[in-house]
Amino acid sequence: MRKVIIIAILLIVGPGIAISNAQEKVSIDDTGIMRWSSSGKEIQGFGVNYTVPFAHAYRSSKKLGVDPKGAIDQDIYHFARLGFDAYRVHVWDTQISDTLGNLLENEHLDLFDYMVSEMQKRGMNMLLTPIAFWGNGWPERDTWTPGFAHKYGKDGCLINEEAIKAQANYLVQFLNHVNPYTGQAYKDDPKVVAFEVSNEPHHYAQDPDSVTRYVKKMVESMKSTGSTKPILYNISHGVHLVDAYFKGGIDGGTFQWYPTGLGAGEELKGNFLPNVDRYDIPFSNNESFQEGVKVVYEFDAADVGRSYIYPAMARSFRTAGIQWATHFAYDPTYLAYANTEYNTHYMNLVYTPQKALALKIAGEVFHQVPVYKDFGSYPTNAEFGNFKVSYEEDLAVLNSSEKFIHTNHTREIPKDIEKLKHIAGWGNSPIVKYDGTGAYFLDEIQTGVWRLEVLPDAVWIKDPFGKNSLNRRLTEIVWETRKIDLSLPSLGSNYSVQPIDDGNSWKDKVDESGFSVRPGTYLLVKKGTKLKGSIDQKWANIRLNEFAGIEPTIDKSYVLHEPPEFVTANQSLTVSAEVVESSLPNKVSLLTYDGWRPVEIDMVKKHGFTYETTVPSRLIKKSFLRYFIQVDELIFPEAIAAVPSDWDFDADPYTVSVVGEDSPVYLYNAFTDNEEVSRVWRPGSYLAPLSNPGKGELVLKVDELVTIDSENPAANPVYDYSLRYHFAKRLEGRKIDELKQLTLVGRNLKEGSVPVQVALIMKDGSAYGSVVDLGTKDDYCILLKDLKPVRMVTLPRPYPTFLPYHFEGSGITAFDINNVETLQISIGPGMTDQQKDQAFEVAIESMRLE
């Protein structure tokens, strides 16, 4: 079956105004892929959600005195630099409609129209979701709004006849609305590829017929405008209703992916490549689904601050047949210092440069990897096509003949340096040595002329995934003078550096070590070559002299350093710290003691703001290691202008417990580690303090191992309840080669015993474990040599909930105690069928290696 849809192509005739010139047919092939009929090419899109015209982002712009349109311009320029060609948003209908569904002309709608127009000028296409159902508050409280969603709420909107009429009316008016900045109604705008009816409707309590009636009413209202664009519907919520959705006349389905859950409240640590190994859709054999369009409206590895994961997600999307994906959500630059809009997400080119570059690489995956291409499972699929992802290096790389993009220091050698046209990165590579902590971009404009753009340094001074506020800064921006050294054959070593962005007067001469640079945009011109054209000429979808950095924010000094809890005696210790100031310090030292004698050890500058030194083994004796870090005249951790030899010096040092080689290594302590445990919440579970100071036990009350998933009630039952804890920090400075066994301290709070599986997960996702019968005693020992391969549970649990519960990799590597980093405790494995239907209550106090 082949569906044909008509989309007009535009001819630009003036600033922001366009008229229809011709019509381009869009077909949906038998596998549900949208294609341009004239060329047969797949319609691809990769980009972001972005919400400045609405809700918290809009209110915050007013509170902070920010011009929303100026902010939109700045961020859309960054979208161009990141290669985004797709945009999606759930429009806050509650702010631009009344209770009858009439469209309201107000500042929210005007800003939305302006934003869409500016995105289109940069070459972005749109997937628009006219109905959000949300209130206007998050993360604040909702306030009154004039729309039907405020009156009826999401549940009411799906079943109340008056609310349904209002939505149908609103959809007609929204599609017919003429954007004054483009001169096009949204129903006719060729840059609007498709419409998604609404955001995450929750139909799972309804019968299929009522769902079909609702969907059909929405589809008919949209088609009544004369629109021929594909109409999509969310089918990842309530997957048992897939047939009901398609009976309503939709052209395809929309999906989400949050493989690490949502709302952890802190940065998640560990290897999450197993969580994004595949995007398996349980109804993939459904005929209507196979013939329908498949897009991802939202995705993110929420609460993950590293840069390795997005290209792997894009790879899995392509394998699943997805042709469009938009990340949720890009932080407006004026809000990114505080990350208040959605604290479980964090994405901005200036404030999260490595993550943003990973998203840029993910976009390249979408445009280079064929749909339905399968690269196998992790860890085999960590290298695919022109791409590589590495958890161990926190690295993603695109390495093609003309493009080289990397998110961290890399030794990867470009495939063909002579043919390179575009380079983007963070840190050092074989062709660019850069000392800063912001992103940089290099583009060949013509033979012998390159454009260099350098973003300011960004430093996370606090965990950005916690409870945030506009009054708390999470990231500092620093304008530092940095060294950059290029090895580009097409440029050579004899070239000049010319600043070209407005107000940039920084110049430096090139020598054998490169040149110094500050944030801005520059032309690098080989001797004997001249730029063809002016510095403000258009190039691709930008102007040559554009730059959208922000001013420095730092007004104090920081030393960002977390000492290990324990180290092993008589072995040296590497100490690393980030020293963040408005300008580089003259000297950084570690101050400690050899007995009563003070010892000063110079710290050496590494990359960016990082300083490092080694405390020799002779100073690491049983007891405690205490030290300060001195930055010029300031002593940390308390940032005081004094020295330990002063008679009135009174400051607490960094303190590390030094233990013997035979001392156990505590991998998990319920009393101190409970907040960092990943598990599905169950009522009646809690942390109970014990009478011994510093001890407690995590009480897990599990009434049923299997709970019915309202979004996927027909799913095969998985009899398992698991928790996960990442303990890598506990191994820093410890010698563990000679340790022989695991000891679980815990007890069953009911009569008898209950099987509990204890597993250690290695860096590559390989898991080794064993089952103990947990009774009323305290200590349960497992010899490491007795551990066997077990299945890894994907925790935190993902959205949508139909995704696999266990990770099935391409193979399991041999157990290596030096590669373990995560603890998994499971109730379910080893149980009889009779036991699986029982209720359980156990208490876990600790886990140690000894």
# chains A, B, ... in the order shown; residues from 1 in each chain; ligands from 1
>>> residues_around(residues="Ser582 in chain A", least_positions_apart="2", cutoff="12 Å", atoms="only C-alpha atoms", output="list in words")
Pro456, Asp457, Ala458, Val459, Glu476, Ile477, Val478, Trp479, Glu480, Thr481, Glu551, Pro552, Thr553, Ile554, Asp555, Lys556, Ser557, Tyr558, Val579, Val580, Leu584, Pro585 and Phe609 of chain A
>>> residues_around(residues="Ala540 in chain A", least_positions_apart="6", cutoff="10 Å", atoms="only C-alpha atoms", output="list in words")
Ala80, Arg122, Gly123 and Ile445 of chain A
>>> select_by_dssp(residues="range 25-272 of chain A", states="strand (DSSP E)", output="NGL selection string")
:A and (25-28 or 34-36 or 45-49 or 86-90 or 125-129 or 178-179 or 184-185 or 192-196 or 231-234 or 252-257)
>>> residues_around(residues="Leu590 in chain A", least_positions_apart="3", cutoff="10 Å", atoms="only C-alpha atoms", output="PyMOL selection string")
chain A and resi 575+599-603+612-615+627-631+635-636
>>> closest_residue(among="A:Phe79, A:Asp416, A:Glu546, A:Ser469", to="Leu488 in chain A", atoms="only C-alpha atoms")
A:Asp416
>>> residues_around(residues="Leu783 in chain A", least_positions_apart="2", cutoff="8 Å", atoms="only C-alpha atoms", output="list in words")
Lys740, Gln741, Leu742, Cys781, Lys785, Asp786 and Leu787 of chain A
>>> residues_around(residues="Phe283 in chain A", least_positions_apart="2", cutoff="10 Å", atoms="only C-alpha atoms", output="VMD selection string")
chain A and resid 239 to 240 242 280 to 281 285 to 290 802
>>> write_last_selection(atoms="all heavy atoms", output="tab-separated table (two decimals), in the first residue's frame")
chain	number	residue	atom	x	y	z
A	239	VAL	N	-0.24	0.50	24.55
A	239	VAL	CA	0.10	-0.21	23.32
A	239	VAL	C	-0.93	-1.27	22.96
A	239	VAL	O	-0.96	-1.74	21.81
A	239	VAL	CB	1.51	-0.83	23.42
A	239	VAL	CG1	2.55	0.27	23.63
A	239	VAL	CG2	1.59	-1.85	24.54
A	240	HIS	N	-1.78	-1.68	23.90
A	240	HIS	CA	-2.83	-2.64	23.60
A	240	HIS	C	-3.93	-2.02	22.74
A	240	HIS	O	-4.81	-2.74	22.25
A	240	HIS	CB	-3.44	-3.18	24.90
A	240	HIS	CG	-4.03	-2.13	25.79
A	240	HIS	ND1	-3.27	-1.12	26.35
A	240	HIS	CD2	-5.30	-1.91	26.21
A	240	HIS	CE1	-4.04	-0.34	27.09
A	240	HIS	NE2	-5.28	-0.79	27.01
A	242	VAL	N	-3.28	-0.26	19.90
A	242	VAL	CA	-2.70	0.09	18.61
A	242	VAL	C	-3.72	0.00	17.49
A	242	VAL	O	-3.84	0.90	16.65
A	242	VAL	CB	-1.47	-0.79	18.32
A	242	VAL	CG1	-1.03	-0.62	16.87
A	242	VAL	CG2	-0.33	-0.45	19.25
A	280	ASP	N	13.19	-2.08	20.88
A	280	ASP	CA	12.30	-3.16	20.44
A	280	ASP	C	10.85	-2.76	20.67
A	280	ASP	O	10.45	-2.45	21.80
A	280	ASP	CB	12.62	-4.44	21.21
A	280	ASP	CG	13.93	-5.07	20.78
A	280	ASP	OD1	14.34	-4.83	19.62
A	280	ASP	OD2	14.56	-5.78	21.59
A	281	ILE	N	10.06	-2.81	19.61
A	281	ILE	CA	8.65	-2.46	19.67
A	281	ILE	C	7.84	-3.75	19.67
A	281	ILE	O	7.92	-4.53	18.71
A	281	ILE	CB	8.26	-1.56	18.48
A	281	ILE	CG1	9.11	-0.27	18.52
A	281	ILE	CG2	6.78	-1.24	18.49
A	281	ILE	CD1	8.97	0.59	17.29
A	285	ASN	N	5.07	-6.47	14.44
A	285	ASN	CA	4.48	-7.30	13.38
A	285	ASN	C	3.07	-6.89	13.02
A	285	ASN	O	2.47	-7.48	12.11
A	285	ASN	CB	4.50	-8.78	13.81
A	285	ASN	CG	5.90	-9.34	13.90
A	285	ASN	OD1	6.77	-8.96	13.11
A	285	ASN	ND2	6.14	-10.23	14.85
A	286	ASN	N	2.54	-5.90	13.70
A	286	ASN	CA	1.20	-5.40	13.37
A	286	ASN	C	1.21	-4.78	11.98
A	286	ASN	O	2.03	-3.92	11.68
A	286	ASN	CB	0.77	-4.38	14.43
A	286	ASN	CG	-0.61	-3.82	14.20
A	286	ASN	OD1	-0.84	-3.05	13.26
A	286	ASN	ND2	-1.54	-4.20	15.06
A	287	GLU	N	0.30	-5.20	11.11
A	287	GLU	CA	0.33	-4.77	9.72
A	287	GLU	C	0.14	-3.26	9.58
A	287	GLU	O	0.85	-2.60	8.80
A	287	GLU	CB	-0.75	-5.50	8.91
A	287	GLU	CG	-0.73	-5.15	7.43
A	287	GLU	CD	-1.76	-5.93	6.63
A	287	GLU	OE1	-2.42	-6.82	7.20
A	287	GLU	OE2	-1.90	-5.64	5.42
A	288	SER	N	-0.78	-2.70	10.33
A	288	SER	CA	-1.01	-1.25	10.25
A	288	SER	C	0.23	-0.49	10.70
A	288	SER	O	0.61	0.52	10.11
A	288	SER	CB	-2.21	-0.85	11.11
A	288	SER	OG	-3.40	-1.44	10.63
A	289	PHE	N	0.85	-0.99	11.76
A	289	PHE	CA	2.07	-0.35	12.24
A	289	PHE	C	3.17	-0.43	11.20
A	289	PHE	O	3.88	0.55	10.96
A	289	PHE	CB	2.52	-1.01	13.54
A	289	PHE	CG	3.91	-0.62	13.96
A	289	PHE	CD1	4.16	0.63	14.52
A	289	PHE	CD2	4.98	-1.48	13.77
A	289	PHE	CE1	5.44	1.00	14.89
A	289	PHE	CE2	6.26	-1.12	14.13
A	289	PHE	CZ	6.49	0.12	14.70
A	290	GLN	N	3.34	-1.57	10.58
A	290	GLN	CA	4.39	-1.74	9.59
A	290	GLN	C	4.23	-0.78	8.42
A	290	GLN	O	5.21	-0.30	7.86
A	290	GLN	CB	4.41	-3.18	9.08
A	290	GLN	CG	4.90	-4.18	10.12
A	290	GLN	CD	4.87	-5.61	9.61
A	290	GLN	OE1	4.13	-5.93	8.69
A	290	GLN	NE2	5.67	-6.47	10.21
A	802	PHE	N	7.32	-0.70	27.66
A	802	PHE	CA	7.34	-1.98	26.95
A	802	PHE	C	8.76	-2.42	26.57
A	802	PHE	O	8.95	-3.53	26.06
A	802	PHE	CB	6.45	-1.95	25.71
A	802	PHE	CG	6.82	-0.93	24.66
A	802	PHE	CD1	8.00	-1.00	23.94
A	802	PHE	CD2	5.94	0.11	24.36
A	802	PHE	CE1	8.33	-0.07	22.96
A	802	PHE	CE2	6.26	1.05	23.39
A	802	PHE	CZ	7.44	0.94	22.68
>>> closest_residue(among="A:Glu266, A:Glu364, A:Asp443, A:Asp394", to="Asn468 in chain A", atoms="only C-alpha atoms")
A:Glu266
>>> residues_around(residues="Lys462 in chain A", least_positions_apart="2", cutoff="8 Å", atoms="only C-alpha atoms", output="list in words")
Trp460, Pro464, Leu474 and Thr475 of chain A
>>> residues_around(residues="Tyr372 in chain A", least_positions_apart="3", cutoff="6 Å", atoms="only C-alpha atoms", output="PDB file with N, CA, C and O atoms, in the first residue's frame")
ATOM      1  N   ARG A 318      17.343   3.947  14.210  1.00  0.00           N
ATOM      2  CA  ARG A 318      17.393   3.602  12.784  1.00  0.00           C
ATOM      3  C   ARG A 318      17.124   2.112  12.580  1.00  0.00           C
ATOM      4  O   ARG A 318      16.425   1.721  11.647  1.00  0.00           O
ATOM      5  N   THR A 319      17.670   1.274  13.453  1.00  0.00           N
ATOM      6  CA  THR A 319      17.419  -0.160  13.359  1.00  0.00           C
ATOM      7  C   THR A 319      15.932  -0.464  13.494  1.00  0.00           C
ATOM      8  O   THR A 319      15.409  -1.387  12.858  1.00  0.00           O
ATOM      9  N   ALA A 320      15.230   0.318  14.319  1.00  0.00           N
ATOM     10  CA  ALA A 320      13.797   0.104  14.558  1.00  0.00           C
ATOM     11  C   ALA A 320      12.917   0.697  13.467  1.00  0.00           C
ATOM     12  O   ALA A 320      11.687   0.546  13.519  1.00  0.00           O
ATOM     13  N   GLY A 321      13.504   1.382  12.475  1.00  0.00           N
ATOM     14  CA  GLY A 321      12.711   1.949  11.391  1.00  0.00           C
ATOM     15  C   GLY A 321      12.255   3.370  11.619  1.00  0.00           C
ATOM     16  O   GLY A 321      11.352   3.859  10.927  1.00  0.00           O
TER      17      GLY A 321
END
>>> closest_residue(among="A:Ser316, A:Asn125, A:Ser400, A:Thr655", to="Ala382 in chain A", atoms="only C-alpha atoms")
A:Ser316
>>> select_by_dssp(residues="range 84-181 of chain A", states="helix (DSSP H, G or I)", output="ChimeraX atom specification")
/A:93-96,107-121,148-159,161-176
>>> write_last_selection(atoms="C-alpha atoms", output="PDB file, in the first residue's frame")
ATOM      1  CA  ASP A  93      -2.886  24.941  23.839  1.00  0.00           C
ATOM      2  CA  THR A  94      -3.960  26.097  27.278  1.00  0.00           C
ATOM      3  CA  GLN A  95      -2.165  29.421  26.671  1.00  0.00           C
ATOM      4  CA  ILE A  96      -3.400  30.096  23.118  1.00  0.00           C
ATOM      5  CA  GLU A 107       2.265  36.983  22.618  1.00  0.00           C
ATOM      6  CA  HIS A 108       2.646  33.225  23.044  1.00  0.00           C
ATOM      7  CA  LEU A 109       1.331  32.572  19.549  1.00  0.00           C
ATOM      8  CA  ASP A 110       3.338  35.452  18.096  1.00  0.00           C
ATOM      9  CA  LEU A 111       6.555  34.123  19.618  1.00  0.00           C
ATOM     10  CA  PHE A 112       5.746  30.649  18.349  1.00  0.00           C
ATOM     11  CA  ASP A 113       5.160  31.960  14.825  1.00  0.00           C
ATOM     12  CA  TYR A 114       8.381  33.954  14.937  1.00  0.00           C
ATOM     13  CA  MET A 115      10.377  30.982  16.226  1.00  0.00           C
ATOM     14  CA  VAL A 116       9.040  28.659  13.512  1.00  0.00           C
ATOM     15  CA  SER A 117       9.905  31.202  10.835  1.00  0.00           C
ATOM     16  CA  GLU A 118      13.466  31.648  12.101  1.00  0.00           C
ATOM     17  CA  MET A 119      13.993  27.903  12.314  1.00  0.00           C
ATOM     18  CA  GLN A 120      12.812  27.490   8.751  1.00  0.00           C
ATOM     19  CA  LYS A 121      15.314  30.083   7.572  1.00  0.00           C
ATOM     20  CA  PHE A 148      -9.991  24.021  27.316  1.00  0.00           C
ATOM     21  CA  ALA A 149      -7.206  21.918  28.847  1.00  0.00           C
ATOM     22  CA  HIS A 150      -7.317  24.040  32.002  1.00  0.00           C
ATOM     23  CA  LYS A 151     -11.077  23.591  32.224  1.00  0.00           C
ATOM     24  CA  TYR A 152     -11.301  19.857  31.533  1.00  0.00           C
ATOM     25  CA  GLY A 153      -7.849  18.441  32.306  1.00  0.00           C
ATOM     26  CA  LYS A 154      -6.201  15.698  30.265  1.00  0.00           C
ATOM     27  CA  ASP A 155      -8.562  12.922  31.327  1.00  0.00           C
ATOM     28  CA  GLY A 156     -11.627  15.063  30.672  1.00  0.00           C
ATOM     29  CA  CYS A 157     -10.341  16.122  27.269  1.00  0.00           C
ATOM     30  CA  LEU A 158     -10.324  12.479  26.155  1.00  0.00           C
ATOM     31  CA  ILE A 159     -13.900  11.602  27.180  1.00  0.00           C
ATOM     32  CA  GLU A 161     -18.021  15.562  24.625  1.00  0.00           C
ATOM     33  CA  GLU A 162     -17.807  19.330  25.077  1.00  0.00           C
ATOM     34  CA  ALA A 163     -14.055  19.084  25.518  1.00  0.00           C
ATOM     35  CA  ILE A 164     -13.791  16.941  22.385  1.00  0.00           C
ATOM     36  CA  LYS A 165     -15.747  19.542  20.416  1.00  0.00           C
ATOM     37  CA  ALA A 166     -13.421  22.253  21.698  1.00  0.00           C
ATOM     38  CA  GLN A 167     -10.344  20.281  20.615  1.00  0.00           C
ATOM     39  CA  ALA A 168     -11.770  19.662  17.146  1.00  0.00           C
ATOM     40  CA  ASN A 169     -12.494  23.377  16.777  1.00  0.00           C
ATOM     41  CA  TYR A 170      -9.034  24.285  18.025  1.00  0.00           C
ATOM     42  CA  LEU A 171      -7.292  21.904  15.626  1.00  0.00           C
ATOM     43  CA  VAL A 172      -9.122  23.437  12.668  1.00  0.00           C
ATOM     44  CA  GLN A 173      -8.176  26.947  13.724  1.00  0.00           C
ATOM     45  CA  PHE A 174      -4.579  26.027  14.495  1.00  0.00           C
ATOM     46  CA  LEU A 175      -4.038  24.396  11.104  1.00  0.00           C
ATOM     47  CA  ASN A 176      -5.738  27.315   9.334  1.00  0.00           C
TER      48      ASN A 176
END
>>> decode(residues="range 176-202 of chain A", atoms="N, CA and C atoms", output="short mmCIF file (atom, residue, chain, number, x, y, z; two decimals), in the first residue's frame")
data_model
loop_
_atom_site.label_atom_id
_atom_site.label_comp_id
_atom_site.auth_asym_id
_atom_site.auth_seq_id
_atom_site.Cartn_x
_atom_site.Cartn_y
_atom_site.Cartn_z
N ASN A 176 -5.41 26.21 10.26
CA ASN A 176 -5.74 27.32 9.33
C ASN A 176 -5.01 28.61 9.67
N HIS A 177 -4.40 28.67 10.84
CA HIS A 177 -3.74 29.90 11.26
C HIS A 177 -2.60 30.26 10.31
N VAL A 178 -2.59 31.50 9.84
CA VAL A 178 -1.54 31.97 8.94
C VAL A 178 -0.44 32.61 9.77
N ASN A 179 0.74 32.04 9.65
CA ASN A 179 1.91 32.59 10.34
C ASN A 179 2.30 33.89 9.65
N PRO A 180 2.20 35.03 10.35
CA PRO A 180 2.51 36.30 9.68
C PRO A 180 3.97 36.44 9.26
N TYR A 181 4.85 35.65 9.83
CA TYR A 181 6.28 35.75 9.49
C TYR A 181 6.65 34.93 8.26
N THR A 182 5.80 33.94 7.91
CA THR A 182 6.06 33.15 6.70
C THR A 182 5.02 33.39 5.61
N GLY A 183 3.85 33.92 6.02
CA GLY A 183 2.77 34.11 5.06
C GLY A 183 2.06 32.81 4.72
N GLN A 184 2.29 31.76 5.49
CA GLN A 184 1.71 30.45 5.22
C GLN A 184 0.85 29.98 6.39
N ALA A 185 -0.30 29.36 6.07
CA ALA A 185 -1.04 28.63 7.08
C ALA A 185 -0.26 27.36 7.41
N TYR A 186 -0.35 26.92 8.65
CA TYR A 186 0.40 25.72 9.02
C TYR A 186 -0.01 24.50 8.21
N LYS A 187 -1.28 24.45 7.80
CA LYS A 187 -1.72 23.31 7.00
C LYS A 187 -1.04 23.29 5.63
N ASP A 188 -0.55 24.46 5.16
CA ASP A 188 0.06 24.56 3.84
C ASP A 188 1.58 24.71 3.89
N ASP A 189 2.13 24.95 5.06
CA ASP A 189 3.55 25.25 5.18
C ASP A 189 4.38 24.01 4.81
N PRO A 190 5.20 24.09 3.75
CA PRO A 190 5.95 22.90 3.31
C PRO A 190 7.00 22.45 4.31
N LYS A 191 7.37 23.34 5.22
CA LYS A 191 8.36 22.96 6.23
C LYS A 191 7.71 22.21 7.40
N VAL A 192 6.40 22.20 7.46
CA VAL A 192 5.69 21.38 8.45
C VAL A 192 5.45 20.03 7.79
N VAL A 193 6.24 19.05 8.15
CA VAL A 193 6.20 17.75 7.49
C VAL A 193 4.97 16.95 7.91
N ALA A 194 4.60 17.04 9.19
CA ALA A 194 3.48 16.25 9.70
C ALA A 194 2.94 16.89 10.97
N PHE A 195 1.75 16.44 11.36
CA PHE A 195 1.15 16.84 12.63
C PHE A 195 1.00 15.60 13.52
N GLU A 196 1.28 15.81 14.79
CA GLU A 196 0.94 14.81 15.81
C GLU A 196 -0.25 15.39 16.57
N VAL A 197 -1.35 14.66 16.68
CA VAL A 197 -2.59 15.22 17.22
C VAL A 197 -2.38 15.83 18.59
N SER A 198 -1.79 15.05 19.51
CA SER A 198 -1.69 15.52 20.90
C SER A 198 -0.51 14.84 21.58
N ASN A 199 -0.17 15.37 22.73
CA ASN A 199 0.99 14.88 23.48
C ASN A 199 0.57 13.85 24.52
N GLU A 200 1.00 12.62 24.34
CA GLU A 200 0.86 11.56 25.33
C GLU A 200 -0.55 11.42 25.92
N PRO A 201 -1.54 11.18 25.05
CA PRO A 201 -2.88 10.91 25.58
C PRO A 201 -2.91 9.59 26.33
N HIS A 202 -3.58 9.57 27.46
CA HIS A 202 -3.61 8.37 28.30
C HIS A 202 -4.98 7.70 28.16
#
